[in-house]
Structure formats: structure tokens, C-alpha cells
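**Q** upload08.pdb is reproduced in full below (PDB, C-alpha atoms, pLDDT in the B column).
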ATOM      1  CA  ASN L  26     -77.888  44.563 -42.707  1.00 59.00           C
ATOM      2  CA  ALA L  27     -75.642  42.590 -45.061  1.00 71.00           C
ATOM      3  CA  GLY L  28     -73.739  40.612 -42.382  1.00 93.00           C
ATOM      4  CA  VAL L  29     -70.496  39.074 -43.697  1.00 96.00           C
ATOM      5  CA  THR L  30     -69.858  39.682 -47.398  1.00 96.00           C
ATOM      6  CA  GLN L  31     -67.221  37.782 -49.365  1.00 97.00           C
ATOM      7  CA  THR L  32     -66.048  38.610 -52.861  1.00 96.00           C
ATOM      8  CA  PRO L  33     -65.589  37.130 -55.349  1.00 97.00           C
ATOM      9  CA  LYS L  34     -67.882  34.090 -55.138  1.00 96.00           C
ATOM     10  CA  PHE L  35     -65.811  32.131 -57.662  1.00 96.00           C
ATOM     11  CA  GLN L  36     -62.252  32.519 -58.917  1.00 96.00           C
ATOM     12  CA  VAL L  37     -59.928  30.544 -61.162  1.00 97.00           C
ATOM     13  CA  LEU L  38     -56.197  31.240 -60.971  1.00 96.00           C
ATOM     14  CA  LYS L  39     -53.119  29.913 -62.660  1.00 97.00           C
ATOM     15  CA  THR L  40     -50.249  28.619 -60.563  1.00 97.00           C
ATOM     16  CA  GLY L  41     -48.081  31.496 -59.411  1.00 97.00           C
ATOM     17  CA  GLN L  42     -50.709  34.198 -59.747  1.00 97.00           C
ATOM     18  CA  SER L  43     -51.599  36.366 -56.793  1.00 96.00           C
ATOM     19  CA  MET L  44     -54.987  37.544 -55.639  1.00 96.00           C
ATOM     20  CA  THR L  45     -56.865  38.955 -52.676  1.00 97.00           C
ATOM     21  CA  LEU L  46     -60.061  37.497 -51.271  1.00 98.00           C
ATOM     22  CA  GLN L  47     -62.196  40.207 -49.779  1.00 98.00           C
ATOM     23  CA  CYS L  48     -64.226  39.974 -46.575  1.00 98.00           C
ATOM     24  CA  ALA L  49     -66.308  42.780 -45.103  1.00 97.00           C
ATOM     25  CA  GLN L  50     -68.731  42.874 -42.182  1.00 96.00           C
ATOM     26  CA  ASP L  51     -71.125  45.611 -41.150  1.00 94.00           C
ATOM     27  CA  MET L  52     -71.862  44.424 -37.598  1.00 91.00           C
ATOM     28  CA  ASN L  53     -68.957  46.260 -35.910  1.00 90.00           C
ATOM     29  CA  HIS L  54     -67.454  42.926 -34.860  1.00 90.00           C
ATOM     30  CA  GLU L  55     -63.975  42.985 -33.381  1.00 90.00           C
ATOM     31  CA  TYR L  56     -63.088  39.396 -34.268  1.00 91.00           C
ATOM     32  CA  MET L  57     -62.664  38.197 -37.848  1.00 94.00           C
ATOM     33  CA  SER L  58     -61.207  35.000 -39.219  1.00 95.00           C
ATOM     34  CA  TRP L  59     -60.514  33.037 -42.393  1.00 97.00           C
ATOM     35  CA  TYR L  60     -61.073  29.313 -42.880  1.00 96.00           C
ATOM     36  CA  ARG L  61     -60.556  26.953 -45.779  1.00 96.00           C
ATOM     37  CA  GLN L  62     -62.625  23.863 -46.468  1.00 95.00           C
ATOM     38  CA  ASP L  63     -61.394  21.068 -48.700  1.00 93.00           C
ATOM     39  CA  PRO L  64     -63.842  18.521 -50.175  1.00 85.00           C
ATOM     40  CA  GLY L  65     -65.406  16.267 -47.530  1.00 81.00           C
ATOM     41  CA  MET L  66     -63.508  17.968 -44.741  1.00 83.00           C
ATOM     42  CA  GLY L  67     -64.277  20.344 -41.913  1.00 86.00           C
ATOM     43  CA  LEU L  68     -63.110  23.944 -41.871  1.00 91.00           C
ATOM     44  CA  ARG L  69     -59.507  24.768 -40.963  1.00 93.00           C
ATOM     45  CA  LEU L  70     -58.498  28.120 -39.478  1.00 92.00           C
ATOM     46  CA  ILE L  71     -55.995  30.095 -41.575  1.00 95.00           C
ATOM     47  CA  HIS L  72     -55.638  33.471 -39.826  1.00 95.00           C
ATOM     48  CA  TYR L  73     -57.652  35.494 -37.365  1.00 93.00           C
ATOM     49  CA  SER L  74     -57.804  39.003 -35.949  1.00 93.00           C
ATOM     50  CA  VAL L  75     -59.162  40.322 -32.647  1.00 90.00           C
ATOM     51  CA  GLY L  76     -59.186  43.934 -33.804  1.00 91.00           C
ATOM     52  CA  ALA L  77     -57.758  46.482 -36.206  1.00 93.00           C
ATOM     53  CA  GLY L  78     -53.979  46.172 -36.402  1.00 94.00           C
ATOM     54  CA  ILE L  79     -53.895  42.758 -34.690  1.00 93.00           C
ATOM     55  CA  THR L  80     -53.608  39.458 -36.562  1.00 95.00           C
ATOM     56  CA  ASP L  81     -52.462  35.961 -35.659  1.00 93.00           C
ATOM     57  CA  GLN L  82     -51.941  32.596 -37.336  1.00 93.00           C
ATOM     58  CA  GLY L  83     -54.333  29.678 -37.222  1.00 90.00           C
ATOM     59  CA  GLU L  84     -53.796  26.010 -38.106  1.00 89.00           C
ATOM     60  CA  VAL L  85     -52.799  26.417 -41.772  1.00 94.00           C
ATOM     61  CA  PRO L  86     -51.296  29.902 -42.340  1.00 96.00           C
ATOM     62  CA  ASN L  87     -48.571  29.042 -44.873  1.00 95.00           C
ATOM     63  CA  GLY L  88     -49.052  30.673 -48.265  1.00 95.00           C
ATOM     64  CA  TYR L  89     -51.504  33.273 -46.967  1.00 97.00           C
ATOM     65  CA  ASN L  90     -51.120  36.829 -45.671  1.00 97.00           C
ATOM     66  CA  VAL L  91     -53.650  39.005 -43.880  1.00 97.00           C
ATOM     67  CA  SER L  92     -53.897  42.529 -42.550  1.00 96.00           C
ATOM     68  CA  ARG L  93     -56.596  44.364 -40.594  1.00 97.00           C
ATOM     69  CA  SER L  94     -56.459  48.102 -41.170  1.00 96.00           C
ATOM     70  CA  THR L  95     -60.152  48.690 -40.375  1.00 96.00           C
ATOM     71  CA  THR L  96     -62.740  46.989 -38.185  1.00 95.00           C
ATOM     72  CA  GLU L  97     -64.895  46.210 -41.210  1.00 96.00           C
ATOM     73  CA  ASP L  98     -62.425  44.558 -43.604  1.00 97.00           C
ATOM     74  CA  PHE L  99     -60.161  41.526 -43.359  1.00 98.00           C
ATOM     75  CA  PRO L 100     -58.640  40.623 -46.750  1.00 98.00           C
ATOM     76  CA  LEU L 101     -56.815  37.348 -47.380  1.00 98.00           C
ATOM     77  CA  ARG L 102     -53.894  37.461 -49.810  1.00 98.00           C
ATOM     78  CA  LEU L 103     -52.460  34.605 -51.816  1.00 96.00           C
ATOM     79  CA  LEU L 104     -49.021  35.794 -52.952  1.00 91.00           C
ATOM     80  CA  SER L 105     -48.226  32.904 -55.317  1.00 96.00           C
ATOM     81  CA  ALA L 106     -51.141  30.546 -55.788  1.00 96.00           C
ATOM     82  CA  ALA L 107     -50.545  26.781 -55.784  1.00 96.00           C
ATOM     83  CA  PRO L 108     -52.909  23.922 -56.758  1.00 96.00           C
ATOM     84  CA  SER L 109     -52.917  22.860 -53.095  1.00 95.00           C
ATOM     85  CA  GLN L 110     -54.769  26.091 -52.336  1.00 96.00           C
ATOM     86  CA  THR L 111     -57.767  24.990 -54.366  1.00 96.00           C
ATOM     87  CA  SER L 112     -60.517  25.121 -51.770  1.00 97.00           C
ATOM     88  CA  VAL L 113     -63.578  26.954 -50.514  1.00 97.00           C
ATOM     89  CA  TYR L 114     -62.688  29.898 -48.303  1.00 98.00           C
ATOM     90  CA  PHE L 115     -64.976  31.200 -45.574  1.00 97.00           C
ATOM     91  CA  CYS L 116     -64.709  34.403 -43.609  1.00 97.00           C
ATOM     92  CA  ALA L 117     -66.344  34.759 -40.192  1.00 95.00           C
ATOM     93  CA  SER L 118     -66.806  37.474 -37.572  1.00 93.00           C
ATOM     94  CA  SER L 119     -68.025  37.903 -34.012  1.00 89.00           C
ATOM     95  CA  TYR L 120     -68.042  40.235 -31.047  1.00 82.00           C
ATOM     96  CA  THR L 121     -65.391  39.923 -28.355  1.00 76.00           C
ATOM     97  CA  ARG L 122     -66.642  42.275 -25.660  1.00 69.00           C
ATOM     98  CA  ASP L 123     -68.836  41.158 -22.792  1.00 58.00           C
ATOM     99  CA  SER L 124     -72.069  39.996 -24.306  1.00 64.00           C
ATOM    100  CA  ARG L 125     -73.729  36.656 -24.814  1.00 61.00           C
ATOM    101  CA  ALA L 126     -73.589  37.481 -28.519  1.00 60.00           C
ATOM    102  CA  LYS L 127     -69.793  37.290 -28.420  1.00 63.00           C
ATOM    103  CA  ASN L 128     -70.071  33.505 -28.575  1.00 74.00           C
ATOM    104  CA  ILE L 129     -71.714  33.504 -32.003  1.00 86.00           C
ATOM    105  CA  GLN L 130     -69.642  33.561 -35.163  1.00 90.00           C
ATOM    106  CA  TYR L 131     -71.294  34.643 -38.400  1.00 93.00           C
ATOM    107  CA  PHE L 132     -69.985  33.183 -41.640  1.00 96.00           C
ATOM    108  CA  GLY L 133     -69.961  34.503 -45.171  1.00 97.00           C
ATOM    109  CA  ALA L 134     -71.207  32.534 -48.184  1.00 96.00           C
ATOM    110  CA  GLY L 135     -67.707  31.516 -49.233  1.00 97.00           C
ATOM    111  CA  THR L 136     -65.303  31.983 -52.144  1.00 97.00           C
ATOM    112  CA  ARG L 137     -64.696  28.960 -54.338  1.00 97.00           C
ATOM    113  CA  LEU L 138     -61.125  29.071 -55.608  1.00 97.00           C
ATOM    114  CA  SER L 139     -59.534  26.810 -58.198  1.00 96.00           C
ATOM    115  CA  VAL L 140     -55.802  26.982 -58.922  1.00 96.00           C
ATOM    116  CA  LEU L 141     -54.764  25.318 -62.159  1.00 96.00           C
TER     117      LEU L 141
ATOM    118  CA  ASP T  26     -58.474  22.875 -27.963  1.00 59.00           C
ATOM    119  CA  ALA T  27     -60.142  19.620 -26.961  1.00 60.00           C
ATOM    120  CA  LYS T  28     -60.817  17.123 -29.730  1.00 85.00           C
ATOM    121  CA  THR T  29     -64.360  15.936 -30.377  1.00 93.00           C
ATOM    122  CA  THR T  30     -65.676  12.636 -31.706  1.00 94.00           C
ATOM    123  CA  GLN T  31     -68.931  12.448 -33.647  1.00 96.00           C
ATOM    124  CA  PRO T  32     -70.600   9.737 -35.713  1.00 97.00           C
ATOM    125  CA  THR T  33     -69.915  10.178 -39.414  1.00 95.00           C
ATOM    126  CA  SER T  34     -73.566  10.034 -40.419  1.00 97.00           C
ATOM    127  CA  MET T  35     -77.067   9.673 -38.997  1.00 97.00           C
ATOM    128  CA  ASP T  36     -80.575   9.402 -40.338  1.00 97.00           C
ATOM    129  CA  CYS T  37     -83.805  10.632 -38.785  1.00 96.00           C
ATOM    130  CA  ALA T  38     -87.436  10.613 -39.868  1.00 97.00           C
ATOM    131  CA  GLU T  39     -89.129  13.922 -40.512  1.00 97.00           C
ATOM    132  CA  GLY T  40     -91.096  15.110 -37.485  1.00 96.00           C
ATOM    133  CA  ARG T  41     -89.095  13.017 -35.022  1.00 96.00           C
ATOM    134  CA  ALA T  42     -86.450  14.291 -32.637  1.00 97.00           C
ATOM    135  CA  ALA T  43     -82.888  14.108 -33.931  1.00 98.00           C
ATOM    136  CA  ASN T  44     -80.319  13.387 -31.233  1.00 98.00           C
ATOM    137  CA  LEU T  45     -76.708  14.018 -32.256  1.00 98.00           C
ATOM    138  CA  PRO T  46     -74.038  12.784 -29.821  1.00 97.00           C
ATOM    139  CA  CYS T  47     -70.578  14.212 -29.283  1.00 97.00           C
ATOM    140  CA  ASN T  48     -67.709  13.001 -27.127  1.00 96.00           C
ATOM    141  CA  HIS T  49     -65.192  15.499 -25.772  1.00 94.00           C
ATOM    142  CA  SER T  50     -63.447  13.607 -22.993  1.00 93.00           C
ATOM    143  CA  THR T  51     -60.441  15.966 -22.810  1.00 91.00           C
ATOM    144  CA  ILE T  52     -62.463  19.152 -22.377  1.00 91.00           C
ATOM    145  CA  SER T  53     -61.048  21.534 -19.794  1.00 88.00           C
ATOM    146  CA  GLY T  54     -62.901  23.668 -17.293  1.00 86.00           C
ATOM    147  CA  ASN T  55     -62.988  26.913 -19.280  1.00 84.00           C
ATOM    148  CA  GLU T  56     -63.912  25.399 -22.640  1.00 88.00           C
ATOM    149  CA  TYR T  57     -67.372  25.745 -24.141  1.00 89.00           C
ATOM    150  CA  VAL T  58     -69.259  23.255 -26.303  1.00 93.00           C
ATOM    151  CA  TYR T  59     -70.514  24.799 -29.547  1.00 93.00           C
ATOM    152  CA  TRP T  60     -72.700  23.379 -32.281  1.00 96.00           C
ATOM    153  CA  TYR T  61     -72.727  24.715 -35.830  1.00 96.00           C
ATOM    154  CA  ARG T  62     -74.276  23.269 -38.947  1.00 97.00           C
ATOM    155  CA  GLN T  63     -73.491  23.582 -42.636  1.00 95.00           C
ATOM    156  CA  ILE T  64     -76.262  23.168 -45.180  1.00 94.00           C
ATOM    157  CA  HIS T  65     -75.021  22.124 -48.631  1.00 88.00           C
ATOM    158  CA  SER T  66     -71.921  24.250 -49.238  1.00 83.00           C
ATOM    159  CA  GLN T  67     -73.125  27.344 -47.426  1.00 92.00           C
ATOM    160  CA  GLY T  68     -71.219  28.999 -44.624  1.00 94.00           C
ATOM    161  CA  PRO T  69     -71.656  27.335 -41.210  1.00 95.00           C
ATOM    162  CA  GLN T  70     -74.540  28.528 -39.058  1.00 95.00           C
ATOM    163  CA  TYR T  71     -74.440  28.831 -35.280  1.00 94.00           C
ATOM    164  CA  ILE T  72     -76.958  26.645 -33.443  1.00 96.00           C
ATOM    165  CA  ILE T  73     -76.271  26.681 -29.714  1.00 94.00           C
ATOM    166  CA  HIS T  74     -73.520  26.601 -27.109  1.00 92.00           C
ATOM    167  CA  GLY T  75     -73.045  25.788 -23.433  1.00 91.00           C
ATOM    168  CA  LEU T  76     -70.490  25.516 -20.654  1.00 90.00           C
ATOM    169  CA  LYS T  77     -71.950  23.077 -18.138  1.00 90.00           C
ATOM    170  CA  ASN T  78     -75.678  23.685 -17.907  1.00 86.00           C
ATOM    171  CA  ASN T  79     -78.209  22.414 -20.403  1.00 93.00           C
ATOM    172  CA  GLU T  80     -79.294  25.043 -22.889  1.00 95.00           C
ATOM    173  CA  THR T  81     -82.324  25.546 -25.111  1.00 96.00           C
ATOM    174  CA  ASN T  82     -83.085  28.076 -27.808  1.00 94.00           C
ATOM    175  CA  GLU T  83     -85.500  28.348 -30.708  1.00 94.00           C
ATOM    176  CA  MET T  84     -83.454  25.960 -32.826  1.00 94.00           C
ATOM    177  CA  ALA T  85     -82.335  23.187 -30.496  1.00 97.00           C
ATOM    178  CA  SER T  86     -81.476  21.897 -27.036  1.00 98.00           C
ATOM    179  CA  LEU T  87     -78.020  21.044 -25.762  1.00 98.00           C
ATOM    180  CA  ILE T  88     -77.581  18.433 -23.046  1.00 97.00           C
ATOM    181  CA  ILE T  89     -74.133  18.307 -21.420  1.00 96.00           C
ATOM    182  CA  THR T  90     -73.291  15.440 -19.065  1.00 96.00           C
ATOM    183  CA  GLU T  91     -72.336  16.283 -15.502  1.00 94.00           C
ATOM    184  CA  ASP T  92     -68.682  15.346 -16.084  1.00 94.00           C
ATOM    185  CA  ARG T  93     -68.766  17.434 -19.312  1.00 95.00           C
ATOM    186  CA  LYS T  94     -67.130  14.643 -21.286  1.00 95.00           C
ATOM    187  CA  SER T  95     -70.002  14.339 -23.740  1.00 96.00           C
ATOM    188  CA  SER T  96     -73.014  16.222 -25.019  1.00 96.00           C
ATOM    189  CA  THR T  97     -76.090  15.727 -27.184  1.00 97.00           C
ATOM    190  CA  LEU T  98     -77.684  18.173 -29.580  1.00 98.00           C
ATOM    191  CA  ILE T  99     -81.430  17.694 -29.876  1.00 98.00           C
ATOM    192  CA  LEU T 100     -83.502  18.983 -32.782  1.00 97.00           C
ATOM    193  CA  PRO T 101     -86.986  18.415 -31.342  1.00 96.00           C
ATOM    194  CA  HIS T 102     -89.026  18.142 -34.542  1.00 94.00           C
ATOM    195  CA  ALA T 103     -86.689  17.585 -37.462  1.00 96.00           C
ATOM    196  CA  THR T 104     -87.693  18.875 -40.894  1.00 96.00           C
ATOM    197  CA  LEU T 105     -86.193  18.214 -44.324  1.00 96.00           C
ATOM    198  CA  ARG T 106     -84.448  21.594 -44.058  1.00 95.00           C
ATOM    199  CA  ASP T 107     -82.442  20.275 -41.099  1.00 97.00           C
ATOM    200  CA  THR T 108     -80.478  17.985 -43.438  1.00 97.00           C
ATOM    201  CA  ALA T 109     -76.907  19.248 -42.999  1.00 97.00           C
ATOM    202  CA  VAL T 110     -73.483  18.501 -41.551  1.00 96.00           C
ATOM    203  CA  TYR T 111     -73.460  19.212 -37.817  1.00 97.00           C
ATOM    204  CA  TYR T 112     -70.231  20.179 -36.111  1.00 96.00           C
ATOM    205  CA  CYS T 113     -69.582  19.797 -32.391  1.00 96.00           C
ATOM    206  CA  ILE T 114     -66.732  22.086 -31.378  1.00 93.00           C
ATOM    207  CA  VAL T 115     -64.987  22.640 -28.084  1.00 90.00           C
ATOM    208  CA  ALA T 116     -63.254  25.974 -27.747  1.00 85.00           C
ATOM    209  CA  SER T 117     -62.124  28.485 -25.213  1.00 76.00           C
ATOM    210  CA  LEU T 118     -62.363  32.235 -25.572  1.00 74.00           C
ATOM    211  CA  ILE T 119     -59.217  33.806 -27.042  1.00 73.00           C
ATOM    212  CA  GLN T 120     -59.177  37.510 -26.202  1.00 70.00           C
ATOM    213  CA  GLY T 121     -62.946  37.393 -26.035  1.00 70.00           C
ATOM    214  CA  ALA T 122     -63.623  35.381 -29.196  1.00 74.00           C
ATOM    215  CA  GLN T 123     -63.930  31.668 -29.828  1.00 77.00           C
ATOM    216  CA  LYS T 124     -61.154  30.046 -31.821  1.00 79.00           C
ATOM    217  CA  LEU T 125     -63.139  27.289 -33.501  1.00 85.00           C
ATOM    218  CA  VAL T 126     -61.470  24.046 -34.572  1.00 84.00           C
ATOM    219  CA  PHE T 127     -63.811  22.061 -36.832  1.00 87.00           C
ATOM    220  CA  GLY T 128     -63.752  18.281 -37.129  1.00 86.00           C
ATOM    221  CA  GLN T 129     -65.499  16.346 -39.891  1.00 86.00           C
ATOM    222  CA  GLY T 130     -68.916  16.558 -38.218  1.00 93.00           C
ATOM    223  CA  THR T 131     -72.010  14.357 -38.502  1.00 96.00           C
ATOM    224  CA  ARG T 132     -73.903  14.279 -41.763  1.00 96.00           C
ATOM    225  CA  LEU T 133     -77.571  14.259 -40.694  1.00 98.00           C
ATOM    226  CA  THR T 134     -80.144  13.213 -43.266  1.00 97.00           C
ATOM    227  CA  ILE T 135     -83.813  13.831 -42.529  1.00 97.00           C
ATOM    228  CA  ASN T 136     -86.004  11.385 -44.427  1.00 96.00           C
ATOM    229  CA  PRO T 137     -89.640  12.078 -45.415  1.00 94.00           C
TER     230      PRO T 137
END
Here is the file; what I need is its structure written in the form of C-alpha cells.
**A**
Amino acid sequence: NAGVTQTPKFQVLKTGQSMTLQCAQDMNHEYMSWYRQDPGMGLRLIHYSVGAGITDQGEVPNGYNVSRSTTEDFPLRLLSAAPSQTSVYFCASSYTRDSRAKNIQYFGAGTRLSVL
Amino acid sequence: DAKTTQPTSMDCAEGRAANLPCNHSTISGNEYVYWYRQIHSQGPQYIIHGLKNNETNEMASLIITEDRKSSTLILPHATLRDTAVYYCIVASLIQGAQKLVFGQGTRLTINP
């Protein structure tokens, strides 16, 4: 059971380049989300999804797009990277249906992104 | 979501109980108190959560005051591996899932 898998682990981009951060989970979780963490700060919610075909914005959605075509995958797209998007990105997932386990979010290991 | 206030840093001796306080004076009736921790730069790890009753699991205990305006996370026998940033989060369920809003947390250092 792999849990939440994020790829790549590290990425360096030039300003204006685009890329997709991948997130996959094998726990059949309905809820998935993306956070960014800047140095010395807590995590900030970018986008989240409560199921396939449903996405919504978090605290800091500007500059990022998401889609959820399957339960397993929730990619995060940077259309035109900016230095302000240099950060560590974490993906998380959890259940939503009635179960005590729905209150637990599982996080991936993170993607460290630098935009030059 | 209700805002939380935590001390920036704390120290604790190995083998002693670590008590991490959190204030959440604006919590509303349907909001839960969650604790997560982040070791080094890894992804956050769930520890425990509660609504109004005290909770205990294999990792920790959570004590919530009767008015629910504050809580304390207790690590009963801290080890060096418990050194981490601990986040107290108050969140309600959004369509069945928690929408977590992280603050800056408490940096807990366990000393040998």
C-alpha cells in the first residue's frame, strides 16, 4: 500500500515555464487537496476536491489549476511559473463517507519546486 | 475556520510528558480540534482529534476544556523522535472532509 505518492520529488523551472505536479493515492479516498509550504511557515491550502469531477479553491489558488478526472489522481498545474511559486508542495487525501477514518488526512512526501 | 494560537517553541526532556497548549477561543459548535505534526520537512502526520470529549490513542492524549476554547496535546513519554513542529488546527467538515487551515505551529524539541 503506497499511500499518497507525489512526483517529482524535486524540480527546477525557469520563469514562465509550465509543469504539472502529480499526486496519486491508492486508498480510494474521495477527498484530495494541495498545499504549499514556504520556509518557516505552515501549510496553505491551494485547491481541493471532494470527488471525481469536483474541485474548489482554497486560500491561495491564483496561478494554479487542478482537475480530478479519476478518484486516484489529482494533478496540480502551474501554467506560467513565477519565482513566488518557489515552495514545497504537499498533496493530501482522506475519506469523506461516514467513518471515523474520514477525519484523518494522509500527506505525501512533498515536491520541492524552485522557480528561477 | 477558527484561528488557533500556539507557543512558537517548547522544550521537553526525553522520557517526560510533553504538554502542548493551544487556544481556540472562537471555535464554533461543529468544529473539531485536530493535531498534526511535521518532522523535518516531511509531510504532516495526523496525531489525534476531538470535538468536546478528551481523547486518547496510541500516540497521544487530547484534553479539551469544557468551554472548548483551549486544548492540550499530551505526549506521555517523549522521545527524541518526537522532535517536530506540532500544529493545532480547528476545522469543520466540508462535504465530509476536513478543510485544514495550518498556522505556524509549535516547534517542540526533545532534549536527551
**Q** Given the file shown, enumerate the residues that the PyMOL selection byres ((chain T) within 9 of (chain L)) captures and present them as a list in words.
**A** Tyr59, Ser66, Gln67, Gly68, Pro69, Gln70, Tyr71, Ile72, Ile73, His74, Tyr112, Leu118, Ile119, Gln120, Gly121, Ala122, Gln123, Lys124, Leu125, Val126, Phe127, Gly128, Gln129 and Gly130 of chain T
**Q** Since we have the selection now, will you write its residues out, keeping C-alpha atoms, as a PDB file, in the coordinates of the input?
**A**
ATOM      1  CA  TYR T  59     -70.514  24.799 -29.547  1.00 93.00           C
ATOM      2  CA  SER T  66     -71.921  24.250 -49.238  1.00 83.00           C
ATOM      3  CA  GLN T  67     -73.125  27.344 -47.426  1.00 92.00           C
ATOM      4  CA  GLY T  68     -71.219  28.999 -44.624  1.00 94.00           C
ATOM      5  CA  PRO T  69     -71.656  27.335 -41.210  1.00 95.00           C
ATOM      6  CA  GLN T  70     -74.540  28.528 -39.058  1.00 95.00           C
ATOM      7  CA  TYR T  71     -74.440  28.831 -35.280  1.00 94.00           C
ATOM      8  CA  ILE T  72     -76.958  26.645 -33.443  1.00 96.00           C
ATOM      9  CA  ILE T  73     -76.271  26.681 -29.714  1.00 94.00           C
ATOM     10  CA  HIS T  74     -73.520  26.601 -27.109  1.00 92.00           C
ATOM     11  CA  TYR T 112     -70.231  20.179 -36.111  1.00 96.00           C
ATOM     12  CA  LEU T 118     -62.363  32.235 -25.572  1.00 74.00           C
ATOM     13  CA  ILE T 119     -59.217  33.806 -27.042  1.00 73.00           C
ATOM     14  CA  GLN T 120     -59.177  37.510 -26.202  1.00 70.00           C
ATOM     15  CA  GLY T 121     -62.946  37.393 -26.035  1.00 70.00           C
ATOM     16  CA  ALA T 122     -63.623  35.381 -29.196  1.00 74.00           C
ATOM     17  CA  GLN T 123     -63.930  31.668 -29.828  1.00 77.00           C
ATOM     18  CA  LYS T 124     -61.154  30.046 -31.821  1.00 79.00           C
ATOM     19  CA  LEU T 125     -63.139  27.289 -33.501  1.00 85.00           C
ATOM     20  CA  VAL T 126     -61.470  24.046 -34.572  1.00 84.00           C
ATOM     21  CA  PHE T 127     -63.811  22.061 -36.832  1.00 87.00           C
ATOM     22  CA  GLY T 128     -63.752  18.281 -37.129  1.00 86.00           C
ATOM     23  CA  GLN T 129     -65.499  16.346 -39.891  1.00 86.00           C
ATOM     24  CA  GLY T 130     -68.916  16.558 -38.218  1.00 93.00           C
TER      25      GLY T 130
END
**Q** Could you name the residues that touch Ala38 of chain T at 9 Å or less, counting all atoms listed in the file, but leaving out those on the same chain fewer than 3 positions away, as a list in words?
**A**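 Non-adjacent residues within range: Arg41, Ala42, Ala43, Ala103, Thr104, Leu105, Thr134, Ile135, Asn136 and Pro137 of chain T.
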**Q** Would you mind listing what lies within 12 Å of Asn87 of chain L as a PyMOL selection string, with all atoms listed in the file counted and same-chain residues fewer than 3 positions away left out?
**A** chain L and resi 70-72+82-84+90-91+101-107+109-110
**Q** Give me, please, the distance in Å between atom CA of Gly88 of chain L and atom CA of Thr32 of chain L, quoted to one decimal.
**A**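 Distance between the two atoms: 19.3 Å.
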**Q** Atom CA of Asn82 of chain T to atom CA of Leu45 of chain T: how many Å, to one decimal?
**A**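 Going from atom CA of Asn82 of chain T over to atom CA of Leu45 of chain T, I get 16.1 Å.
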**Q** Find the residues near Gln36 of chain L: any atom within 7 Å, counting all atoms listed in the file, skip ones fewer than 4 places away on the same chain, and give them as a list in words.
**A**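 Near Gln36 of chain L, the qualifying residues are Arg137, Leu138 and Ser139 of chain L.
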**Q** Please save C-alpha atoms of the selected residues as a short mmCIF file (atom, residue, chain, number, x, y, z; two decimals), in the coordinates of the input.
**A**
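Resulting contents of part.cif:
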data_model
loop_
_atom_site.label_atom_id
_atom_site.label_comp_id
_atom_site.auth_asym_id
_atom_site.auth_seq_id
_atom_site.Cartn_x
_atom_site.Cartn_y
_atom_site.Cartn_z
CA ARG L 137 -64.70 28.96 -54.34
CA LEU L 138 -61.12 29.07 -55.61
CA SER L 139 -59.53 26.81 -58.20
#
**Q** What does the structure give for the distance between atom CA of Asn48 of chain T and atom CA of Pro86 of chain L, in Å to one decimal?
**A** 28.0 Å
**Q** Looking at T:Leu76, T:Gln63, T:Leu133, T:Lys94, which one is nearest to Cys47 of chain T, with distances taken over all atoms listed in the file?
**A**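 Of all the options, T:Lys94 lies closest to Cys47 of chain T.
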**Q** Can you list, as a list of chain:residue names, the residues that the PyMOL selection byres ((chain T and resi 58) around 9) selects here?
**A** T:His49, T:Ile52, T:Glu56, T:Tyr57, T:Tyr59, T:Trp60, T:Ile73, T:His74, T:Gly75, T:Leu76, T:Lys77, T:Ile89, T:Ser96, T:Cys113, T:Ile114, T:Val115, T:Ala116, T:Ser117
**Q** Could you tell me, as a list in words, exactly which residues end up selected when the PyMOL selection byres ((chain L and resi 100) around 7) is applied to this structure?
**A**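 Expected selection for the PyMOL selection byres ((chain L and resi 100) around 7) here is Thr45, Leu46, Gln47, Cys48, Val91, Ser92, Asp98, Phe99, Leu101 and Arg102 of chain L.
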**Q** What box, with edges along x, y and z, holds each listed atom of segment 66-69 of chain L when 5 Å is added on every side, and can you state its centre and edge lengths in Å to one decimal, as JSON?
**A**
{"center_x": -61.9, "center_y": 21.4, "center_z": -42.9, "size_x": 14.8, "size_y": 16.8, "size_z": 13.8}
**Q** For a quick check of understanding, using only C-alpha atoms, which of T:Asn55, T:Asp107, T:His65, T:Ser34 has the smallest distance to Arg93 of chain T?
**A** T:Asn55
